[in-house]
file input-v7.txt (compact mmCIF, C-alpha atoms)
# COMPACT_ATOMS: atom_id res chain seq x y z
CA MET A 1 15.24 2.06 10.20
CA ARG A 2 15.35 2.57 13.96
CA HIS A 3 15.74 6.31 13.42
CA ARG A 4 12.66 6.20 11.19
CA ASP A 5 10.72 4.37 13.92
CA GLN A 6 11.74 7.04 16.42
CA THR A 7 10.60 9.71 13.97
CA ILE A 8 7.23 7.99 13.58
CA ARG A 9 6.81 7.76 17.34
CA GLN A 10 7.76 11.43 17.74
CA ARG A 11 5.31 12.54 15.07
CA ALA A 12 2.54 10.42 16.58
CA THR A 13 3.29 11.87 20.02
CA VAL A 14 3.27 15.46 18.75
CA ILE A 15 -0.02 14.88 16.95
CA ALA A 16 -1.53 13.24 20.03
CA MET A 17 -0.39 16.08 22.29
CA THR A 18 -1.74 18.67 19.87
CA VAL A 19 -5.11 16.95 19.60
CA THR A 20 -5.24 16.40 23.37
CA GLY A 21 -4.40 20.08 23.96
CA ILE A 22 -7.14 21.25 21.61
CA VAL A 23 -9.69 18.92 23.21
CA ALA A 24 -8.58 19.95 26.72
CA VAL A 25 -8.93 23.65 25.90
CA LEU A 26 -12.37 23.09 24.39
CA VAL A 27 -13.42 21.09 27.45
CA TYR A 28 -11.98 23.80 29.72
CA VAL A 29 -13.89 26.53 27.89
CA GLY A 30 -17.04 24.44 27.95
CA LEU A 31 -16.76 23.76 31.67
CA LEU A 32 -16.12 27.42 32.40
CA ALA A 33 -19.18 28.36 30.36
CA PHE A 34 -21.23 25.74 32.20
CA VAL A 35 -20.04 26.97 35.62
CA GLN A 36 -20.74 30.54 34.63
CA TYR A 37 -24.22 29.61 33.47
CA ARG A 38 -24.95 27.71 36.69
CA VAL A 39 -23.71 30.58 38.85
CA ALA A 40 -25.71 33.12 36.88
CA SER A 41 -28.81 30.92 37.04
CA SER A 42 -28.42 30.43 40.79
CA LEU A 43 -27.90 34.15 41.30
CA THR A 44 -31.00 34.99 39.27
CA SER A 45 -33.03 32.50 41.31
CA GLU A 46 -31.89 34.10 44.57
CA LEU A 47 -32.69 37.60 43.31
CA THR A 48 -36.11 36.48 42.11
CA PHE A 49 -36.86 34.93 45.49
CA THR A 50 -35.82 38.13 47.28
CA THR A 51 -37.89 40.22 44.89
CA ARG A 52 -40.98 38.13 45.58
CA GLN A 53 -40.50 38.48 49.34
CA ILE A 54 -40.20 42.28 49.17
CA ALA A 55 -43.16 42.43 46.75
CA ALA A 56 -45.32 40.54 49.25
CA LEU A 57 -44.38 43.05 51.97
CA ALA A 58 -45.16 45.98 49.64
CA ARG A 59 -48.61 44.64 48.81
CA ALA A 60 -49.40 44.16 52.50
CA GLY A 61 -48.24 47.70 53.29
CA GLN A 62 -45.49 46.38 55.58
CA LEU A 63 -42.51 47.69 53.60
CA THR A 64 -39.99 49.40 55.87
CA ASN A 65 -36.91 51.49 55.30
CA PRO A 66 -34.31 50.14 55.57
CA VAL A 67 -35.52 46.94 53.96
CA ILE A 68 -34.88 43.88 56.04
CA THR A 69 -33.62 40.94 53.95
CA GLY A 70 -31.14 38.11 54.15
CA GLU A 71 -27.43 38.68 54.53
CA HIS A 72 -25.59 40.38 51.64
CA GLN A 73 -28.84 41.18 49.83
CA LEU A 74 -29.00 44.46 47.85
CA VAL A 75 -32.51 45.85 47.33
CA GLN A 76 -33.68 49.27 46.17
CA VAL A 77 -37.34 50.30 45.98
CA GLN A 78 -38.31 53.22 43.70
CA ASN A 79 -41.59 55.08 43.14
CA ASP A 80 -42.94 56.03 39.73
CA GLN A 81 -40.90 59.27 39.81
CA GLY A 82 -37.69 57.22 40.09
CA GLN A 83 -37.04 58.23 43.68
CA VAL A 84 -35.67 55.74 46.19
CA VAL A 85 -38.31 55.15 48.86
CA ALA A 86 -36.62 52.19 50.58
CA ALA A 87 -33.36 50.24 50.39
CA THR A 88 -31.23 47.84 52.33
CA ARG A 89 -28.59 49.28 54.60
CA SER A 90 -25.72 48.38 52.20
CA VAL A 91 -27.13 50.61 49.42
CA SER A 92 -28.89 53.20 51.58
CA GLY A 93 -28.07 56.73 50.48
CA LEU A 94 -26.95 55.70 47.00
CA PRO A 95 -28.53 57.33 43.98
CA ALA A 96 -31.43 55.66 42.22
CA LEU A 97 -30.52 52.77 39.92
CA HIS A 98 -31.17 53.60 36.30
CA ALA A 99 -32.97 50.42 35.28
CA ARG A 100 -35.95 49.67 33.08
CA ARG A 101 -39.31 49.62 34.76
CA PRO A 102 -41.39 46.47 34.22
CA PRO A 103 -45.10 46.63 33.41
CA ASP A 104 -47.69 46.57 36.17
CA GLY A 105 -47.50 43.27 38.02
CA GLY A 106 -44.65 42.12 35.76
CA ARG A 107 -41.10 41.01 36.54
CA ILE A 108 -38.00 41.24 34.34
CA GLU A 109 -34.35 40.25 34.51
CA GLN A 110 -31.88 42.80 33.20
CA ARG A 111 -28.25 43.81 33.10
CA VAL A 112 -27.33 47.29 34.25
CA CYS A 113 -23.83 48.77 33.95
CA VAL A 114 -22.92 51.66 36.24
CA ASP A 115 -19.66 52.08 34.29
CA PRO A 116 -17.84 50.07 31.58
CA ARG A 117 -16.08 47.89 34.17
CA HIS A 118 -18.93 47.33 36.66
CA CYS A 119 -22.16 45.68 35.64
CA LEU A 120 -25.01 44.39 37.78
CA THR A 121 -27.58 41.64 37.50
CA VAL A 122 -31.00 43.05 38.43
CA VAL A 123 -34.38 41.38 38.89
CA SER A 124 -37.10 44.06 38.82
CA GLN A 125 -40.83 43.79 39.69
CA ARG A 126 -43.54 46.47 39.71
CA VAL A 127 -45.97 46.13 42.61
CA PRO A 128 -49.10 48.25 43.21
CA GLY A 129 -49.11 49.20 46.90
CA PRO A 130 -51.79 50.62 49.23
CA GLY A 131 -50.63 54.15 48.62
CA GLN A 132 -48.62 54.15 45.35
CA ALA A 133 -47.06 51.67 43.00
CA VAL A 134 -43.39 50.89 43.56
CA THR A 135 -40.68 49.08 41.61
CA ILE A 136 -38.48 46.64 43.50
CA HIS A 137 -34.93 46.09 42.22
CA SER A 138 -32.98 43.14 43.66
CA ILE A 139 -29.35 43.74 42.79
CA ALA A 140 -26.18 41.62 42.69
CA PRO A 141 -22.78 42.09 41.01
CA GLU A 142 -22.66 40.28 37.68
CA PRO A 143 -20.57 37.04 37.81
CA GLY A 144 -17.23 37.56 36.12
CA LEU A 145 -15.39 35.33 33.65
CA PHE A 146 -14.19 33.15 36.52
CA PRO A 147 -17.03 33.02 39.05
CA ARG A 148 -15.28 30.11 40.84
CA PRO A 149 -11.54 31.04 40.75
CA GLY A 150 -10.41 27.91 42.57
CA LEU A 151 -12.25 25.65 40.17
CA ALA A 152 -10.96 27.66 37.18
CA VAL A 153 -7.34 27.25 38.37
CA LEU A 154 -7.88 23.53 38.93
CA LEU A 155 -9.34 23.09 35.46
CA ALA A 156 -6.51 25.16 33.94
CA LEU A 157 -3.95 22.86 35.57
CA GLY A 158 -5.75 19.95 33.93
CA ILE A 159 -4.78 21.19 30.44
CA PRO A 160 -0.99 20.60 30.67
CA VAL A 161 -1.60 17.43 32.68
CA SER A 162 -3.92 16.11 29.94
CA ILE A 163 -1.44 17.06 27.21
CA GLY A 164 1.43 15.35 29.02
CA ALA A 165 -0.65 12.23 29.75
CA GLY A 166 -1.80 12.09 26.12
CA GLY A 167 1.78 12.40 24.85
CA VAL A 168 3.10 9.70 27.19
CA TRP A 169 0.25 7.37 26.30
CA ARG A 170 0.73 7.94 22.57
CA TRP A 171 4.49 7.41 22.80
CA TRP A 172 3.91 4.12 24.62
CA ALA A 173 1.10 3.06 22.25
CA ALA A 174 3.15 3.90 19.14
CA GLY A 175 6.11 1.94 20.49
CA ARG A 176 3.89 -1.03 21.23
CA ARG A 177 2.27 -0.76 17.81
CA LEU A 178 5.65 -0.64 16.06
CA ARG A 179 7.05 -3.56 18.06
CA PRO A 180 6.03 -6.14 15.39
CA VAL A 181 7.73 -4.00 12.75
CA GLU A 182 10.95 -3.93 14.82
CA ALA A 183 10.80 -7.70 15.23
CA LEU A 184 10.19 -8.10 11.50
CA ARG A 185 13.13 -5.82 10.70
CA ASP A 186 15.45 -7.70 13.07
CA GLU A 187 14.54 -11.02 11.45
CA LEU A 188 15.03 -9.56 7.96
CA ASP A 189 18.45 -8.23 8.98
CA ALA A 190 19.44 -11.79 9.94
CA ILE A 191 18.51 -13.13 6.48
CA ASN A 192 21.22 -12.99 3.83
CA VAL A 193 21.93 -14.50 0.42
CA ALA A 194 23.84 -17.36 2.02
CA ASP A 195 20.70 -18.56 3.82
CA LEU A 196 17.49 -17.61 2.04
CA ARG A 197 15.54 -20.49 3.56
CA ARG A 198 14.75 -18.53 6.73
CA ARG A 199 11.38 -16.82 7.06
CA VAL A 200 10.03 -14.16 9.38
CA SER A 201 7.72 -15.14 12.23
CA LEU A 202 4.00 -14.50 11.88
CA PRO A 203 2.36 -12.34 14.59
CA PRO A 204 -0.31 -14.14 16.65
CA ARG A 205 -2.99 -11.60 15.74
CA ARG A 206 -4.34 -11.52 12.18
CA ASP A 207 -3.91 -7.78 11.75
CA GLU A 208 -2.10 -5.72 9.13
CA PHE A 209 1.29 -6.79 10.50
CA TYR A 210 0.30 -10.44 10.05
CA TRP A 211 -0.45 -9.86 6.38
CA LEU A 212 2.73 -7.79 6.05
CA ALA A 213 4.74 -10.75 7.37
CA MET A 214 2.89 -13.03 4.95
CA ALA A 215 3.79 -10.72 2.04
CA VAL A 216 7.43 -10.59 3.19
CA ASN A 217 7.60 -14.41 3.33
CA ALA A 218 6.03 -14.65 -0.14
CA THR A 219 8.65 -12.19 -1.42
CA LEU A 220 11.40 -14.24 0.21
CA ASP A 221 10.00 -17.35 -1.49
CA ARG A 222 10.22 -15.67 -4.87
CA LEU A 223 13.67 -14.30 -4.06
CA GLU A 224 14.93 -17.72 -3.03
CA SER A 225 13.51 -19.24 -6.21
CA ALA A 226 15.11 -16.53 -8.36
CA VAL A 227 18.49 -16.83 -6.63
CA GLU A 228 18.38 -20.63 -6.92
CA GLN A 229 17.53 -20.30 -10.60
CA GLN A 230 20.43 -17.92 -11.08
CA ARG A 231 22.77 -20.31 -9.32
CA ARG A 232 21.66 -23.18 -11.53
CA LEU A 233 22.01 -20.95 -14.57
CA VAL A 234 25.57 -19.99 -13.66
CA SER A 235 26.43 -23.61 -12.97
CA ASP A 236 24.88 -24.84 -16.22
CA VAL A 237 26.43 -22.04 -18.28
CA SER A 238 29.85 -22.75 -16.77
CA HIS A 239 29.48 -26.45 -17.55
CA ASP A 240 28.26 -25.89 -21.13
CA LEU A 241 30.93 -23.27 -21.89
CA ARG A 242 33.72 -25.45 -20.53
CA SER A 243 33.45 -28.08 -23.28
CA PRO A 244 33.76 -25.86 -26.40
CA ILE A 245 36.44 -23.71 -24.74
CA ALA A 246 38.41 -26.82 -23.80
CA GLY A 247 37.98 -28.12 -27.37
CA LEU A 248 39.26 -24.86 -28.83
CA ARG A 249 42.25 -24.85 -26.48
CA ALA A 250 43.07 -28.48 -27.30
CA GLU A 251 42.95 -27.90 -31.05
CA LEU A 252 45.17 -24.83 -30.77
CA GLU A 253 47.69 -26.57 -28.51
CA ILE A 254 47.92 -29.58 -30.84
CA ALA A 255 48.44 -27.28 -33.83
CA LEU A 256 51.20 -25.41 -31.99
CA LEU A 257 52.96 -28.56 -30.76
CA ASP A 258 52.98 -30.31 -34.14
CA PRO A 259 52.36 -27.81 -36.94
CA GLU A 260 53.69 -30.16 -39.60
CA GLY A 261 51.60 -33.16 -38.55
CA THR A 262 48.34 -31.29 -38.14
CA ASP A 263 45.72 -31.40 -40.86
CA LEU A 264 44.89 -27.71 -41.03
CA ARG A 265 41.51 -28.22 -42.72
CA GLU A 266 40.31 -30.72 -40.13
CA ALA A 267 41.63 -28.62 -37.25
CA LEU A 268 39.85 -25.52 -38.56
CA ALA A 269 36.63 -27.50 -39.04
CA ARG A 270 36.72 -28.74 -35.45
CA THR A 271 37.57 -25.23 -34.25
CA LEU A 272 34.66 -23.81 -36.23
CA GLN A 273 32.34 -26.41 -34.70
CA ASN A 274 33.37 -25.41 -31.19
CA THR A 275 33.05 -21.73 -32.11
CA GLU A 276 29.54 -22.29 -33.45
CA ARG A 277 28.58 -23.99 -30.17
CA LEU A 278 29.94 -20.99 -28.24
CA GLN A 279 28.06 -18.65 -30.55
CA ASN A 280 24.80 -20.59 -30.06
CA ILE A 281 25.15 -20.51 -26.28
CA VAL A 282 25.93 -16.77 -26.22
CA THR A 283 23.03 -15.99 -28.58
CA GLU A 284 20.57 -17.94 -26.45
CA LEU A 285 21.95 -16.35 -23.28
CA LEU A 286 21.40 -12.88 -24.74
CA ALA A 287 17.83 -13.80 -25.63
CA LEU A 288 17.36 -15.24 -22.16
CA ALA A 289 18.74 -12.08 -20.52
CA ARG A 290 16.34 -9.99 -22.57
CA ARG A 291 13.41 -12.14 -21.44
CA ASP A 292 14.48 -12.03 -17.77
CA ALA A 293 14.96 -8.26 -17.90
CA GLY A 294 11.37 -7.85 -19.06
CA LEU A 295 12.27 -5.40 -21.82
CA PRO A 296 9.17 -4.07 -23.59
CA SER A 297 8.35 -5.40 -27.04
CA ARG A 298 6.19 -4.02 -29.82
CA ASN A 299 3.24 -6.28 -30.59
CA GLY A 300 1.13 -6.32 -33.71
CA PRO A 301 -1.00 -8.63 -35.87
CA VAL A 302 0.98 -11.70 -37.00
CA ASP A 303 -0.37 -14.24 -39.51
CA LEU A 304 0.98 -17.57 -38.23
CA GLY A 305 0.52 -19.39 -41.54
CA ASP A 306 2.39 -16.74 -43.50
CA LEU A 307 5.12 -16.57 -40.86
CA ALA A 308 5.57 -20.35 -40.88
CA GLU A 309 5.96 -20.46 -44.68
CA ARG A 310 8.46 -17.60 -44.61
CA GLU A 311 10.49 -19.24 -41.81
CA VAL A 312 10.63 -22.57 -43.64
CA ARG A 313 11.90 -20.87 -46.82
CA ARG A 314 14.29 -18.54 -44.98
CA VAL A 315 16.61 -21.15 -43.43
CA PRO A 316 17.47 -24.35 -45.35
CA ARG A 317 17.56 -27.37 -43.02
CA ARG A 318 18.43 -31.05 -43.30
CA ILE A 319 14.77 -31.83 -43.89
CA THR A 320 12.46 -29.26 -45.47
CA ALA A 321 9.21 -28.83 -43.54
CA LYS A 322 5.78 -29.07 -45.16
CA VAL A 323 3.36 -26.29 -44.14
CA ILE A 324 -0.41 -26.87 -43.89
CA ALA A 325 -2.06 -23.62 -42.84
CA GLU A 326 -5.60 -22.33 -42.56
CA PRO A 327 -5.91 -18.80 -43.89
CA GLY A 328 -6.39 -15.88 -41.56
CA VAL A 329 -5.01 -17.38 -38.34
CA VAL A 330 -3.82 -14.09 -36.83
CA VAL A 331 -2.48 -13.36 -33.35
CA ARG A 332 -1.26 -10.18 -31.64
CA ALA A 333 2.39 -10.75 -30.81
CA ASN A 334 5.95 -9.59 -31.36
CA ARG A 335 6.94 -10.88 -34.78
CA LEU A 336 10.62 -11.38 -33.91
CA ASP A 337 9.76 -13.35 -30.75
CA ILE A 338 7.34 -15.66 -32.56
CA SER A 339 9.93 -16.09 -35.35
CA ARG A 340 12.46 -17.21 -32.72
CA VAL A 341 9.94 -19.74 -31.37
CA LEU A 342 9.32 -21.11 -34.87
CA THR A 343 13.06 -21.28 -35.56
CA ASN A 344 13.69 -23.24 -32.38
CA LEU A 345 10.82 -25.64 -33.03
CA LEU A 346 11.81 -26.19 -36.69
CA ASP A 347 15.49 -26.70 -35.81
CA ASN A 348 14.53 -29.18 -33.10
CA ALA A 349 12.16 -31.07 -35.46
CA ALA A 350 14.69 -31.20 -38.33
CA ARG A 351 17.37 -32.42 -35.90
CA HIS A 352 15.31 -35.42 -34.72
CA ALA A 353 13.23 -36.23 -37.85
CA GLU A 354 13.86 -39.31 -39.92
CA SER A 355 12.30 -38.10 -43.18
CA GLU A 356 9.44 -35.67 -42.55
CA VAL A 357 8.62 -32.45 -40.70
CA THR A 358 5.09 -31.03 -40.80
CA VAL A 359 3.94 -27.58 -39.68
CA THR A 360 0.18 -27.20 -39.18
CA VAL A 361 -1.54 -23.87 -38.47
CA ARG A 362 -5.22 -23.95 -37.49
CA ARG A 363 -7.89 -22.61 -35.17
CA GLY A 364 -8.97 -24.62 -32.14
CA ASN A 365 -11.20 -23.74 -29.18
CA GLY A 366 -10.93 -20.04 -29.86
CA GLU A 367 -7.11 -20.15 -30.00
CA ALA A 368 -4.48 -20.09 -32.70
CA VAL A 369 -2.71 -23.45 -32.82
CA LEU A 370 0.65 -24.14 -34.48
CA GLU A 371 1.95 -27.74 -34.49
CA VAL A 372 5.47 -28.76 -35.49
CA CYS A 373 5.72 -32.56 -35.81
CA ASN A 374 8.51 -34.90 -36.85
CA ASP A 375 8.67 -38.64 -37.49
CA GLY A 376 11.71 -39.34 -35.32
CA LYS A 377 11.92 -41.04 -31.94
CA GLN A 378 9.29 -40.36 -29.31
CA ILE A 379 10.22 -38.61 -26.08
CA ALA A 380 9.84 -40.63 -22.89
CA PRO A 381 6.95 -39.47 -20.62
CA ALA A 382 9.40 -38.70 -17.80
CA ASP A 383 11.27 -36.25 -20.07
CA GLN A 384 8.30 -34.48 -21.68
CA GLU A 385 8.35 -31.58 -19.18
CA ARG A 386 12.05 -31.72 -18.40
CA ILE A 387 12.98 -30.77 -21.97
CA PHE A 388 11.50 -27.31 -21.36
CA GLU A 389 13.93 -26.61 -18.51
CA ARG A 390 16.98 -24.49 -19.15
CA PHE A 391 20.15 -26.31 -20.30
CA THR A 392 18.34 -29.65 -20.43
CA ARG A 393 19.62 -31.79 -23.28
CA LEU A 394 18.68 -35.44 -23.69
CA PRO A 395 21.39 -37.92 -24.74
CA ASP A 396 19.87 -38.28 -28.20
CA ALA A 397 19.98 -34.49 -28.67
CA ARG A 398 23.62 -34.32 -27.61
CA GLN A 399 24.49 -37.04 -30.08
CA ARG A 400 22.60 -35.49 -33.00
CA ASP A 401 23.67 -31.89 -32.36
CA PRO A 402 26.74 -31.42 -30.15
CA GLY A 403 26.57 -27.69 -30.79
CA GLY A 404 23.16 -27.17 -29.18
CA SER A 405 22.71 -24.95 -26.11
CA GLY A 406 19.76 -26.59 -24.33
CA LEU A 407 17.98 -23.22 -24.10
CA GLY A 408 15.82 -23.16 -27.22
CA LEU A 409 12.71 -24.89 -25.88
CA ALA A 410 12.93 -23.09 -22.52
CA ILE A 411 13.08 -19.69 -24.24
CA SER A 412 10.27 -20.67 -26.62
CA ARG A 413 7.94 -21.58 -23.75
CA GLU A 414 8.77 -18.34 -21.92
CA ILE A 415 7.97 -16.31 -25.06
CA ALA A 416 4.68 -18.18 -25.49
CA ASN A 417 3.74 -17.59 -21.84
CA ALA A 418 4.57 -13.90 -22.16
CA HIS A 419 2.08 -13.68 -25.06
CA GLY A 420 -0.67 -15.43 -23.07
CA GLY A 421 -0.10 -18.85 -24.66
CA ASN A 422 1.87 -22.02 -24.04
CA ILE A 423 3.95 -24.77 -25.65
CA ILE A 424 3.35 -28.40 -24.82
CA LEU A 425 4.36 -31.74 -26.22
CA GLY A 426 1.27 -33.14 -27.93
CA ASP A 427 0.18 -36.73 -28.44
CA CYS A 428 1.21 -38.41 -31.67
CA ASP A 429 1.67 -41.97 -32.91
CA LYS A 430 5.25 -41.42 -34.07
CA GLY A 431 7.97 -38.93 -33.30
CA ALA A 432 7.33 -35.71 -31.39
CA CYS A 433 4.75 -33.00 -31.92
CA PHE A 434 5.21 -29.60 -30.27
CA VAL A 435 1.99 -27.56 -29.98
CA LEU A 436 2.11 -23.75 -29.68
CA THR A 437 -1.16 -22.07 -28.64
CA LEU A 438 -1.74 -18.32 -28.64
CA PRO A 439 -4.83 -16.12 -28.15
CA LEU A 440 -6.58 -15.69 -31.50
CA LEU A 441 -7.01 -12.13 -32.74
CA THR A 442 -10.62 -11.99 -33.86
CA GLU A 443 -10.73 -8.27 -34.81
CA LEU A 444 -7.87 -6.46 -36.47
CA SER A 445 -7.14 -3.01 -35.23
CA PRO A 446 -7.15 -0.30 -37.93

call {"tool": "encode", "arguments": {"input": "input-v7.txt", "output": "structure tokens"}}
result
Amino acid sequence: MRHRDQTIRQRATVIAMTVTGIVAVLVYVGLLAFVQYRVASSLTSELTFTTRQIAALARAGQLTNPVITGEHQLVQVQNDQGQVVAATRSVSGLPALHARRPPDGGRIEQRVCVDPRHCLTVVSQRVPGPGQAVTIHSIAPEPGLFPRPGLAVLLALGIPVSIGAGGVWRWWAAGRRLRPVEALRDELDAINVADLRRRVSLPPRRDEFYWLAMAVNATLDRLESAVEQQRRLVSDVSHDLRSPIAGLRAELEIALLDPEGTDLREALARTLQNTERLQNIVTELLALARRDAGLPSRNGPVDLGDLAEREVRRVPRRITAKVIAEPGVVVRANRLDISRVLTNLLDNAARHAESEVTVTVRRGNGEAVLEVCNDGKQIAPADQERIFERFTRLPDARQRDPGGSGLGLAISREIANAHGGNIILGDCDKGACFVLTLPLLTELSP
């Protein structure tokens, strides 16, 4: 995890340095272009001013050769035949500049190259004089790519400095940003199965790390609940398996110690009873494991009335149930799962009934309702929800059916919940009435 954090910080730093470098280069190019534009604009203004001064002298007939101008000024005056009639001392004796001639009284700015490597910026103006018209060319070397070398070097040094500063800042910012994740990881490392009650601390700011810590704590809550449920399951299974295994061992030891005095038929009957209890527990545990694993099941239309009648006829019980069913009460469910629910409810009702078990299938409030009622003893209000917990068996149930597993009702409710329904203990004047509700299938798929 720490290596991954370092990798994230390195990637963030590289990206930041790359972006900073690109921005710095663009800014550098932009500044150079701006400086070049300002220098060129200033140079053009100076040449224009010089041209105007010389033009005023030419109009007044006061033009002299050499031309007197400011320091470092280059001026060449040509007649209409292209001959140099006056120039400043620095360009005196040089051939005539091959530049475009502006119209009478006009002024133009132009670029003239004497060779591929040397170009000039020229401001030209045509002036009619007392004797003949002349063209005044104010000349200056064209600014290069770096008209201010010192400034260009300073700006160039700013590129690596900006990249380095951006990388350092991003490395520090990424480390600070990942600090809550490191704290969260350290706290998670300290949590183990032996102590699942601990939770990670919530950051003071309600940002994404706050909600991440909230999600982690919610996951730990679910994990603690699941582990606690597994511990109770192991404890309950161990307790429930101990009795039939101990009974089997006792019967076998007695038969071995006194073979002659043991009633073989009675011993085998008691052994079979303990074996049936083991078989019931293992069968329910397999069903429970399948439910907990979340294995997919194939659902289809199931007619609850038809299924109830088939289930009543399929397994003979101590008391035969009476089925009262409305036609066409259909749900979308897994037929084997709903059959298991009906089997558990019918077995439970027949176990506790005195003389009558009734199965009613009807519609109610847009749902399919299946009620399994018996006329036995009522369940105390304090135990009406507890009977749906795993391995919960009331004293009366243990007395009536020592071979029960205590998982039937719990599995039945889980199956009902998985199909979008529920099982509750309904109100009745006598005995117990279990009510299964499932979403009603109003339209059958073709």

call {"tool": "residues_around", "arguments": {"input": "input-v7.txt", "residues": "Leu440 of chain A", "least_positions_apart": "4", "cutoff": "6 Å", "atoms": "only C-alpha atoms", "output": "VMD selection string"}}
result
chain A and resid 331 367 to 368

call {"tool": "residues_around", "arguments": {"input": "input-v7.txt", "residues": "Thr262 of chain A", "least_positions_apart": "5", "cutoff": "12 Å", "atoms": "all atoms listed in the file", "output": "PyMOL selection string"}}
result
chain A and resi 251-257+267-268

call {"tool": "residues_around", "arguments": {"input": "input-v7.txt", "residues": "Pro301 of chain A", "least_positions_apart": "6", "cutoff": "7 Å", "atoms": "all atoms listed in the file", "output": "ChimeraX atom specification"}}
result
/A:330-333

call {"tool": "atom_distance", "arguments": {"input": "input-v7.txt", "atom1": "atom CA of Arg107 of chain A", "atom2": "atom CA of Leu32 of chain A"}}
result
28.7 Å

call {"tool": "residues_near_point", "arguments": {"input": "input-v7.txt", "point": "(8.0, -30.1, -45.8)", "cutoff": "7 Å", "atoms": "all atoms listed in the file", "output": "PyMOL selection string"}}
result
chain A and resi 320-323+356-358

call {"tool": "atom_distance", "arguments": {"input": "input-v7.txt", "atom1": "atom CA of Arg117 of chain A", "atom2": "atom CA of Ala40 of chain A"}}
result
17.8 Å

call {"tool": "atom_distance", "arguments": {"input": "input-v7.txt", "atom1": "atom CA of Arg298 of chain A", "atom2": "atom CA of Arg335 of chain A"}}
result
8.5 Å

call {"tool": "closest_residue", "arguments": {"input": "input-v7.txt", "among": "A:Thr135, A:Asn344, A:Gln273, A:Thr13", "to": "Ala410 of chain A", "atoms": "only C-alpha atoms"}}
result
A:Asn344

call {"tool": "closest_residue", "arguments": {"input": "input-v7.txt", "among": "A:Asp306, A:Glu414, A:Asp221, A:Glu326", "to": "Glu389 of chain A", "atoms": "all atoms listed in the file"}}
result
A:Glu414

call {"tool": "closest_residue", "arguments": {"input": "input-v7.txt", "among": "A:Gln81, A:Glu142, A:Pro95, A:Asn65", "to": "His118 of chain A", "atoms": "all atoms listed in the file"}}
result
A:Glu142

call {"tool": "residues_around", "arguments": {"input": "input-v7.txt", "residues": "Arg89 of chain A", "least_positions_apart": "5", "cutoff": "10 Å", "atoms": "only C-alpha atoms", "output": "tab-separated table (two decimals) with C-alpha atoms, keeping the file's coordinate frame"}}
result
chain	number	residue	atom	x	y	z
A	65	ASN	CA	-36.91	51.49	55.30
A	66	PRO	CA	-34.31	50.14	55.57
A	67	VAL	CA	-35.52	46.94	53.96
A	68	ILE	CA	-34.88	43.88	56.04
A	69	THR	CA	-33.62	40.94	53.95
A	72	HIS	CA	-25.59	40.38	51.64
A	73	GLN	CA	-28.84	41.18	49.83
A	74	LEU	CA	-29.00	44.46	47.85
A	75	VAL	CA	-32.51	45.85	47.33
A	76	GLN	CA	-33.68	49.27	46.17

call {"tool": "residues_around", "arguments": {"input": "input-v7.txt", "residues": "Asn79 of chain A", "least_positions_apart": "2", "cutoff": "10 Å", "atoms": "all atoms listed in the file", "output": "ChimeraX atom specification"}}
result
/A:77,81-86,126-127,132-136

call {"tool": "write_last_selection", "arguments": {"input": "input-v7.txt", "atoms": "C-alpha atoms", "output": "PDB file, keeping the file's coordinate frame"}}
result
ATOM      1  CA  VAL A  77     -37.340  50.300  45.980  1.00  0.00           C
ATOM      2  CA  GLN A  81     -40.900  59.270  39.810  1.00  0.00           C
ATOM      3  CA  GLY A  82     -37.690  57.220  40.090  1.00  0.00           C
ATOM      4  CA  GLN A  83     -37.040  58.230  43.680  1.00  0.00           C
ATOM      5  CA  VAL A  84     -35.670  55.740  46.190  1.00  0.00           C
ATOM      6  CA  VAL A  85     -38.310  55.150  48.860  1.00  0.00           C
ATOM      7  CA  ALA A  86     -36.620  52.190  50.580  1.00  0.00           C
ATOM      8  CA  ARG A 126     -43.540  46.470  39.710  1.00  0.00           C
ATOM      9  CA  VAL A 127     -45.970  46.130  42.610  1.00  0.00           C
ATOM     10  CA  GLN A 132     -48.620  54.150  45.350  1.00  0.00           C
ATOM     11  CA  ALA A 133     -47.060  51.670  43.000  1.00  0.00           C
ATOM     12  CA  VAL A 134     -43.390  50.890  43.560  1.00  0.00           C
ATOM     13  CA  THR A 135     -40.680  49.080  41.610  1.00  0.00           C
ATOM     14  CA  ILE A 136     -38.480  46.640  43.500  1.00  0.00           C
TER      15      ILE A 136
END

call {"tool": "residues_near_point", "arguments": {"input": "input-v7.txt", "point": "(36.0, -21.8, -29.6)", "cutoff": "12 Å", "atoms": "all atoms listed in the file", "output": "PyMOL selection string"}}
result
chain A and resi 241-252+267-282+403

call {"tool": "closest_residue", "arguments": {"input": "input-v7.txt", "among": "A:Ile338, A:Cys113, A:Met17, A:Ile139", "to": "Val91 of chain A", "atoms": "all atoms listed in the file"}}
result
A:Ile139

call {"tool": "axis_aligned_box", "arguments": {"input": "input-v7.txt", "around": "segment 373-379 of chain A", "padding_each_side": "3 Å", "output": "JSON"}}
result
{"center_x": 8.8, "center_y": -36.8, "center_z": -31.8, "size_x": 12.2, "size_y": 14.5, "size_z": 17.4}

call {"tool": "closest_residue", "arguments": {"input": "input-v7.txt", "among": "A:Ser355, A:Asn217, A:Thr44, A:Asn192", "to": "Leu120 of chain A", "atoms": "only C-alpha atoms"}}
result
A:Thr44
